[in-house]
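Colleague: The file below is model.cif, mmCIF, C-alpha atoms:
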data_start
loop_
_atom_site.label_atom_id
_atom_site.label_comp_id
_atom_site.auth_asym_id
_atom_site.auth_seq_id
_atom_site.Cartn_x
_atom_site.Cartn_y
_atom_site.Cartn_z
CA MET A 1 1.35 -21.03 -2.68
CA ARG A 2 -1.17 -18.93 -0.80
CA SER A 3 -0.65 -15.24 -0.30
CA THR A 4 -2.26 -12.67 1.98
CA LYS A 5 -2.31 -8.91 1.43
CA TYR A 6 -3.54 -5.85 3.24
CA VAL A 7 -5.33 -3.31 1.08
CA VAL A 8 -5.33 0.02 2.89
CA THR A 9 -7.34 3.01 1.72
CA GLY A 10 -5.95 6.50 2.32
CA GLN A 11 -7.91 9.08 4.28
CA ASP A 12 -8.61 11.13 1.12
CA SER A 13 -9.93 8.14 -0.78
CA GLU A 14 -13.54 8.00 -1.88
CA VAL A 15 -13.34 4.21 -2.14
CA LEU A 16 -14.76 2.41 0.88
CA PRO A 17 -13.58 -0.99 2.11
CA SER A 18 -17.05 -2.33 1.19
CA ASP A 19 -16.54 -1.09 -2.41
CA ILE A 20 -13.29 -3.03 -2.62
CA ALA A 21 -14.95 -6.13 -1.18
CA LEU A 22 -17.79 -5.85 -3.73
CA LYS A 23 -15.28 -5.43 -6.56
CA ILE A 24 -13.49 -8.62 -5.45
CA TYR A 25 -16.79 -10.55 -5.31
CA GLU A 26 -17.58 -9.28 -8.82
CA LEU A 27 -14.26 -10.59 -10.13
CA GLY A 28 -15.37 -14.08 -9.13
CA ARG A 29 -11.95 -15.39 -8.15
CA GLU A 30 -11.47 -17.76 -5.23
CA ILE A 31 -10.34 -15.18 -2.76
CA ASN A 32 -11.22 -14.73 0.90
CA VAL A 33 -12.00 -11.14 1.81
CA LYS A 34 -12.13 -9.66 5.27
CA GLU A 35 -13.35 -6.09 5.64
CA THR A 36 -11.63 -3.98 8.26
CA CYS A 37 -11.81 -0.34 9.30
CA PHE A 38 -8.70 0.57 7.28
CA GLY A 39 -9.42 -1.48 4.15
CA VAL A 40 -9.58 -5.19 3.45
CA ILE A 41 -7.45 -8.28 3.92
CA ILE A 42 -7.40 -10.61 0.94
CA ASP A 43 -6.19 -14.19 0.92
CA GLY A 44 -5.93 -16.69 -1.89
CA GLU A 45 -3.62 -18.36 -4.38
CA GLU A 46 -0.70 -16.10 -5.33
CA GLU A 47 -1.66 -15.67 -9.03
CA ASP A 48 -5.27 -14.80 -8.15
CA VAL A 49 -4.18 -12.33 -5.47
CA GLU A 50 -1.67 -10.61 -7.79
CA ALA A 51 -4.29 -10.23 -10.54
CA THR A 52 -6.85 -8.93 -8.04
CA VAL A 53 -4.37 -6.46 -6.54
CA THR A 54 -3.82 -4.88 -9.97
CA GLU A 55 -7.53 -4.37 -10.42
CA ILE A 56 -8.06 -3.00 -6.91
CA ARG A 57 -5.22 -0.53 -7.34
CA ALA A 58 -6.83 0.75 -10.52
CA MET A 59 -9.91 1.84 -8.50
CA ASP A 60 -7.95 4.72 -6.94
CA PRO A 61 -4.25 4.48 -7.85
CA SER A 62 -2.95 7.21 -5.58
CA ASN A 63 -5.00 6.38 -2.49
CA ILE A 64 -4.88 2.60 -2.27
CA PHE A 65 -1.82 1.03 -0.68
CA ILE A 66 -1.04 -2.66 -0.63
CA LYS A 67 1.19 -4.63 1.69
CA ASP A 68 2.02 -8.30 2.21
CA ARG A 69 0.87 -10.06 5.36
CA GLY A 70 2.53 -13.08 6.93
CA PHE A 71 -0.51 -14.63 8.59
CA PRO A 72 -3.80 -15.55 6.89
CA PRO A 73 -6.91 -13.61 8.05
CA GLY A 74 -8.44 -14.92 11.26
CA ASP A 75 -5.35 -16.93 12.20
CA PRO A 76 -5.73 -17.72 15.93
CA ARG A 77 -2.09 -16.77 16.54
CA ARG A 78 -2.82 -13.18 15.49
CA CYS A 79 -6.59 -12.74 15.69
CA ARG A 80 -7.55 -10.52 18.63
CA GLY A 81 -10.69 -12.56 19.22
CA HIS A 82 -8.55 -15.55 20.17
CA ARG A 83 -5.89 -13.65 22.06
CA GLY A 84 -8.14 -11.74 24.41
CA GLY A 85 -8.10 -8.33 22.70
CA GLY A 86 -5.36 -5.74 22.48
CA ALA A 87 -3.59 -4.35 19.47
CA ARG A 88 -2.49 -6.81 16.83
CA PRO A 89 1.32 -7.08 16.39
CA GLY A 90 2.21 -4.81 13.49
CA PHE A 91 -0.61 -2.39 14.24
CA TYR A 92 1.74 0.34 15.46
CA MET A 93 3.73 0.53 12.24
CA MET A 94 0.54 0.68 10.23
CA GLU A 95 -0.86 3.38 12.50
CA HIS A 96 2.35 5.38 12.16
CA GLU A 97 2.31 5.11 8.38
CA SER A 98 -1.41 5.77 7.98
CA GLU A 99 -0.84 9.24 9.44
CA ILE A 100 1.35 10.19 6.48
CA LEU A 101 -0.65 8.35 3.81
CA PRO A 102 -2.51 11.54 2.71
CA LEU A 103 0.86 13.21 2.08
CA ILE A 104 2.11 10.25 0.05
CA SER A 105 -1.16 10.23 -1.91
CA ARG A 106 -0.65 13.90 -2.82
CA GLY A 107 2.93 13.10 -3.82
CA LEU A 108 1.72 10.28 -6.07
CA GLU A 109 -0.96 12.52 -7.60
CA ALA A 110 1.65 15.20 -8.33
CA GLU A 111 3.88 12.56 -9.98
CA ALA A 112 0.96 11.31 -12.07
CA ARG A 113 0.21 14.88 -13.23
CA GLY A 114 3.89 15.36 -14.07
CA GLU A 115 4.24 18.33 -11.73
CA ALA A 116 7.69 19.79 -11.19
CA VAL A 117 9.24 18.70 -7.92
CA PRO A 118 9.59 21.57 -5.43
CA PRO A 119 13.21 22.51 -4.79
CA GLU A 120 14.82 21.12 -1.68
CA ILE A 121 15.02 23.64 1.13
CA LYS A 122 18.56 23.83 2.40
CA ALA A 123 18.96 23.73 6.15
CA LYS A 124 20.02 26.99 7.76
CA LYS A 125 23.66 26.92 8.66
CA ARG A 126 25.64 29.10 11.00
CA PRO A 127 28.15 31.49 9.40
CA SER A 128 31.72 30.26 9.44
CA LEU A 129 34.48 32.18 11.24
CA GLU A 130 35.65 33.78 7.97
CA GLU A 131 32.11 34.80 7.01
CA LEU A 132 31.57 36.27 10.48
CA GLU A 133 34.83 38.18 10.24
CA ALA A 134 33.87 39.53 6.83
CA MET A 135 30.46 40.61 8.18
CA ILE A 136 32.05 42.45 11.13
CA ASN A 137 34.58 44.16 8.88
CA GLU A 138 31.81 45.19 6.49
CA GLU A 139 29.62 46.53 9.29
CA PHE A 140 32.20 48.37 11.42
CA SER A 141 34.88 49.45 9.00
CA MET B 1 12.74 -6.84 -11.95
CA VAL B 2 15.09 -6.05 -9.09
CA LYS B 3 14.77 -7.28 -5.51
CA VAL B 4 14.59 -4.16 -3.37
CA MET B 5 14.90 -4.44 0.39
CA VAL B 6 12.91 -1.86 2.30
CA TYR B 7 13.80 -0.73 5.78
CA PRO B 8 11.83 -0.71 8.09
CA PRO B 9 11.06 -4.16 6.70
CA THR B 10 7.40 -3.84 7.71
CA SER B 11 6.87 -0.56 5.84
CA MET B 12 3.67 -0.49 3.81
CA ILE B 13 4.49 2.78 2.02
CA LEU B 14 7.90 1.64 0.79
CA ALA B 15 6.74 -1.85 -0.19
CA ASP B 16 3.81 -0.34 -2.10
CA LEU B 17 5.96 2.21 -3.94
CA VAL B 18 8.47 -0.51 -4.91
CA GLU B 19 5.78 -2.83 -6.26
CA ARG B 20 4.11 -0.01 -8.20
CA THR B 21 7.26 0.29 -10.31
CA GLY B 22 7.30 -3.44 -11.05
CA HIS B 23 10.14 -4.45 -8.73
CA GLU B 24 9.94 -7.00 -5.93
CA ALA B 25 9.90 -5.63 -2.39
CA LEU B 26 11.71 -7.74 0.18
CA VAL B 27 9.61 -7.39 3.32
CA VAL B 28 9.66 -9.30 6.57
CA SER B 29 6.09 -10.53 6.18
CA LYS B 30 7.16 -12.73 3.25
CA GLU B 31 9.77 -14.36 5.50
CA VAL B 32 7.17 -14.78 8.25
CA ARG B 33 4.81 -16.34 5.70
CA LYS B 34 7.37 -19.07 5.00
CA LYS B 35 7.46 -19.86 8.72
CA VAL B 36 3.67 -19.74 9.06
CA ASN B 37 3.49 -22.49 6.48
CA THR B 38 6.13 -24.54 8.30
CA PRO B 39 4.54 -27.20 10.54
CA GLY B 40 5.78 -27.43 14.11
CA LEU B 41 6.09 -23.74 14.91
CA ASP B 42 3.45 -22.53 17.37
CA SER B 43 3.73 -18.81 16.85
CA PRO B 44 6.30 -17.56 14.36
CA PRO B 45 8.30 -15.32 14.44
CA LEU B 46 8.32 -15.58 18.24
CA ASN B 47 9.10 -19.29 18.00
CA MET B 48 12.17 -20.55 16.20
CA ASN B 49 13.37 -23.85 14.83
CA PRO B 50 16.90 -25.18 15.52
CA GLU B 51 18.17 -23.79 12.19
CA ASP B 52 17.24 -20.17 12.90
CA PRO B 53 19.84 -19.38 15.60
CA LYS B 54 22.52 -20.72 13.23
CA LYS B 55 21.38 -18.24 10.59
CA GLY B 56 21.46 -15.43 13.16
CA LEU B 57 24.95 -16.41 14.33
CA LYS B 58 26.27 -15.67 10.88
CA TYR B 59 25.65 -11.96 11.45
CA ALA B 60 25.96 -11.45 15.21
CA ALA B 61 28.28 -13.10 17.73
CA VAL B 62 27.04 -15.44 20.46
CA ASP B 63 27.44 -12.77 23.16
CA VAL B 64 25.12 -10.37 21.31
CA PRO B 65 21.59 -10.30 22.81
CA SER B 66 19.51 -13.21 21.54
CA GLY B 67 16.85 -10.80 20.22
CA VAL B 68 19.34 -9.41 17.71
CA ARG B 69 20.30 -12.89 16.53
CA GLY B 70 16.65 -13.90 16.30
CA ARG B 71 15.78 -10.85 14.23
CA MET B 72 18.86 -11.32 12.06
CA SER B 73 17.75 -14.87 11.27
CA LEU B 74 14.84 -13.24 9.44
CA LEU B 75 16.54 -10.10 8.14
CA GLY B 76 19.96 -11.56 7.27
CA PRO B 77 18.76 -13.74 4.36
CA MET B 78 16.80 -10.71 3.07
CA VAL B 79 19.96 -8.57 3.10
CA GLU B 80 21.82 -11.28 1.19
CA GLU B 81 19.04 -11.52 -1.38
CA ALA B 82 18.75 -7.73 -1.84
CA GLU B 83 19.95 -6.13 -5.07
CA ALA B 84 19.03 -2.61 -3.97
CA ALA B 85 17.69 -1.02 -0.80
CA ILE B 86 15.59 1.89 0.43
CA VAL B 87 16.21 2.82 4.03
CA ILE B 88 14.24 5.24 6.16
CA LYS B 89 16.31 7.17 8.64
CA GLY B 90 14.79 8.31 11.90
CA ASP B 91 14.02 6.42 15.04
CA SER B 92 10.30 6.75 15.55
CA CYS B 93 9.30 4.61 12.57
CA THR B 94 11.53 1.73 13.66
CA PHE B 95 10.11 1.82 17.15
CA GLY B 96 7.36 -0.74 16.51
CA CYS B 97 7.73 -4.45 16.07
CA THR B 98 11.17 -3.85 14.56
CA GLY B 99 12.06 -1.82 17.64
CA CYS B 100 15.55 -3.09 18.27
CA ALA B 101 18.14 -0.34 17.84
CA ARG B 102 21.08 -2.76 17.54
CA THR B 103 19.33 -4.79 14.81
CA ASN B 104 18.50 -1.57 12.98
CA GLU B 105 22.13 -0.47 13.11
CA LEU B 106 23.44 -3.87 12.07
CA THR B 107 21.04 -4.18 9.13
CA ARG B 108 21.88 -0.68 7.87
CA PHE B 109 25.57 -1.47 8.23
CA LEU B 110 25.22 -4.73 6.29
CA LEU B 111 23.28 -2.96 3.53
CA LYS B 112 25.90 -0.21 3.28
CA THR B 113 28.84 -2.61 3.20
CA LYS B 114 27.14 -4.76 0.57
CA ARG B 115 27.70 -1.92 -1.94
CA ILE B 116 24.34 -2.17 -3.65
CA PRO B 117 22.31 0.87 -4.82
CA LEU B 118 21.04 2.40 -1.59
CA LEU B 119 18.63 5.27 -1.02
CA GLU B 120 18.40 6.82 2.43
CA LEU B 121 15.47 9.08 3.22
CA GLU B 122 13.33 10.38 6.03
CA PHE B 123 9.55 10.10 6.15
CA PRO B 124 7.95 13.37 4.95
CA GLU B 125 6.41 15.83 7.38
CA ASP B 126 4.68 18.14 4.89
CA GLU B 127 3.40 18.16 1.32
CA PHE B 128 6.61 19.52 -0.24
CA GLN B 129 8.69 16.86 1.44
CA ALA B 130 6.16 14.20 0.38
CA LYS B 131 6.47 15.23 -3.29
CA GLN B 132 10.25 15.03 -3.04
CA PHE B 133 10.00 11.71 -1.19
CA VAL B 134 7.84 10.08 -3.88
CA HIS B 135 9.92 11.63 -6.69
CA LYS B 136 13.25 10.45 -5.25
CA ILE B 137 11.97 6.91 -4.76
CA ARG B 138 10.50 6.78 -8.27
CA GLU B 139 13.74 8.08 -9.82
CA PHE B 140 15.79 5.59 -7.81
CA LEU B 141 13.60 2.64 -8.77
CA GLU B 142 13.43 3.61 -12.44
CA GLY B 143 17.21 3.95 -12.42
CA LEU B 144 17.53 0.31 -11.36
CA ASN B 145 16.14 -0.83 -14.71
#
Could you write out this structure as structure tokens?

Modeller:
Amino acid sequence: MRSTKYVVTGQDSEVLPSDIALKIYELGREINVKETCFGVIIDGEEEDVEATVTEIRAMDPSNIFIKDRGFPPGDPRRCRGHRGGGARPGFYMMEHESEILPLISRGLEAEARGEAVPPEIKAKKRPSLEELEAMINEEFS
Amino acid sequence: MVKVMVYPPTSMILADLVERTGHEALVVSKEVRKKVNTPGLDSPPLNMNPEDPKKGLKYAAVDVPSGVRGRMSLLGPMVEEAEAAIVIKGDSCTFGCTGCARTNELTRFLLKTKRIPLLELEFPEDEFQAKQFVHKIREFLEGLN
């Protein structure tokens, strides 16, 4: 069965989409590659794609993100060239997530370094009636 | 390997984090892929076949808006297949192509009532939250083993 994946590079990544495309060509598997502004789209037989994904991820483990795609690259039902322009369905979610990718990358780097997780900051809460009463008694008694 | 449903089901970050730990992420694009390979559908998931409304009816009554039933025909089988789930709370991230508030509520409800390991989080807004976010997800996924 064929499989299609998005490979998205984070904003802090030093790996360019063209580097990923070159790496895939070097691997010599039967995989279609389409370079985009955010990364690449790869399409091929499932086993080939899975093996390629592992090798691409190793190029920059904390800055390369991979996601499944339903449609093959250039499918006329999704391709903007065939639909008269406009944002591709699914673009908005990707845009939303790409804004926080640098944060996730830093989180992954911290995990890889084995850094201690910062303590959770508790939300400020209003004093209860008893606490307020105790405060007033303390202050004015 | 555990099948982990991610919500929003189009989330790249969650699907990526799940697959990094060796589990299988249940995402909507895999369901769409099955339909893309089905002959006779012009533009899935906008088009349906006669079997899809029946699947949707299992989760939502006939008087529920058809959009909910249509979405549930994709999401319902994923919920049934799920052995664990990671759900992002907060409205803005489910305001894209999964932007149906009733479907979001119904899917979360089904996941909660299924009594499977469930992690509810919000997307991080700063670096500290991001470290906690990644750590919590990693701990949750490693705990599934």

Colleague: Using only C-alpha atoms, can you tell me which of B:Val36, B:Val27, B:Leu74, B:Pro9 comes closest to Asp68 (chain A)?

Modeller: B:Val27

Colleague: Nearest residue to Ala110 (chain A) out of B:Glu122, B:Asp63, B:Glu127, B:Glu142, using only C-alpha atoms?

Modeller: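 Residue with the minimum atom-to-atom distance to Ala110 (chain A): B:Glu127.
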
Colleague: Sorted by chain and rising residue number, list the residues of chain B at most 10 Å from chain A (counting all atoms listed in the file), each with its closest atom pair and distance in Å to one decimal, as CSV.

Modeller:
residue,atom,partner,partner_atom,distance
B:Pro8,CA,A:Met93,CA,9.2
B:Thr10,CA,A:Met93,CA,7.3
B:Ser11,CA,A:Met93,CA,7.2
B:Met12,CA,A:Lys67,CA,5.3
B:Ile13,CA,A:Phe65,CA,7.1
B:Leu14,CA,A:Lys67,CA,9.2
B:Ala15,CA,A:Lys67,CA,6.5
B:Asp16,CA,A:Ile66,CA,5.6
B:Leu17,CA,A:Phe65,CA,8.5
B:Glu19,CA,A:Ile66,CA,8.8
B:Arg20,CA,A:Arg57,CA,9.4
B:Ala25,CA,A:Asp68,CA,9.5
B:Leu26,CA,A:Asp68,CA,9.9
B:Val27,CA,A:Asp68,CA,7.7
B:Val28,CA,A:Gly70,CA,8.1
B:Ser29,CA,A:Gly70,CA,4.4
B:Lys30,CA,A:Gly70,CA,5.9
B:Glu31,CA,A:Gly70,CA,7.5
B:Val32,CA,A:Gly70,CA,5.1
B:Arg33,CA,A:Gly70,CA,4.2
B:Lys34,CA,A:Gly70,CA,7.9
B:Lys35,CA,A:Gly70,CA,8.6
B:Val36,CA,A:Phe71,CA,6.6
B:Asn37,CA,A:Phe71,CA,9.1
B:Asp42,CA,A:Arg77,CA,8.0
B:Ser43,CA,A:Arg77,CA,6.2
B:Pro44,CA,A:Arg77,CA,8.7
B:Pro45,CA,A:Gly70,CA,9.7
B:Ser92,CA,A:His96,CA,8.8
B:Cys93,CA,A:Met93,CA,6.9
B:Thr94,CA,A:Met93,CA,8.0
B:Phe95,CA,A:Met93,CA,8.2
B:Gly96,CA,A:Met93,CA,5.7
B:Cys97,CA,A:Gly90,CA,6.1
B:Thr98,CA,A:Met93,CA,8.9
B:Phe123,CA,A:Ile100,CA,8.2
B:Pro124,CA,A:Ile100,CA,7.5
B:Glu125,CA,A:Ile100,CA,7.6
B:Asp126,CA,A:Leu103,CA,6.8
B:Glu127,CA,A:Leu103,CA,5.6
B:Phe128,CA,A:Pro118,CA,6.3
B:Gln129,CA,A:Glu120,CA,8.1
B:Ala130,CA,A:Gly107,CA,5.4
B:Lys131,CA,A:Gly107,CA,4.2
B:Gln132,CA,A:Val117,CA,6.2
B:Phe133,CA,A:Gly107,CA,7.7
B:Val134,CA,A:Gly107,CA,5.8
B:His135,CA,A:Glu111,CA,6.9
B:Lys136,CA,A:Val117,CA,9.6
B:Arg138,CA,A:Glu111,CA,9.0

Colleague: I would like the residues chosen by the PyMOL selection byres ((chain B and resi 118) around 8) on the shown file; could you give them as a list of chain:residue names?

Modeller: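 Written out, the selection comes to B:Ala84, B:Ala85, B:Ile86, B:Val87, B:Leu111, B:Lys112, B:Arg115, B:Ile116, B:Pro117, B:Leu119, B:Glu120.
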
Colleague: Take the PyMOL selection byres ((chain B and resi 68-71) around 9), apply it to the structure above, and return the hits as a PyMOL selection string.

Modeller: chain B and resi 45-46+48+52-62+64-67+72-76+98+100+102-103+106
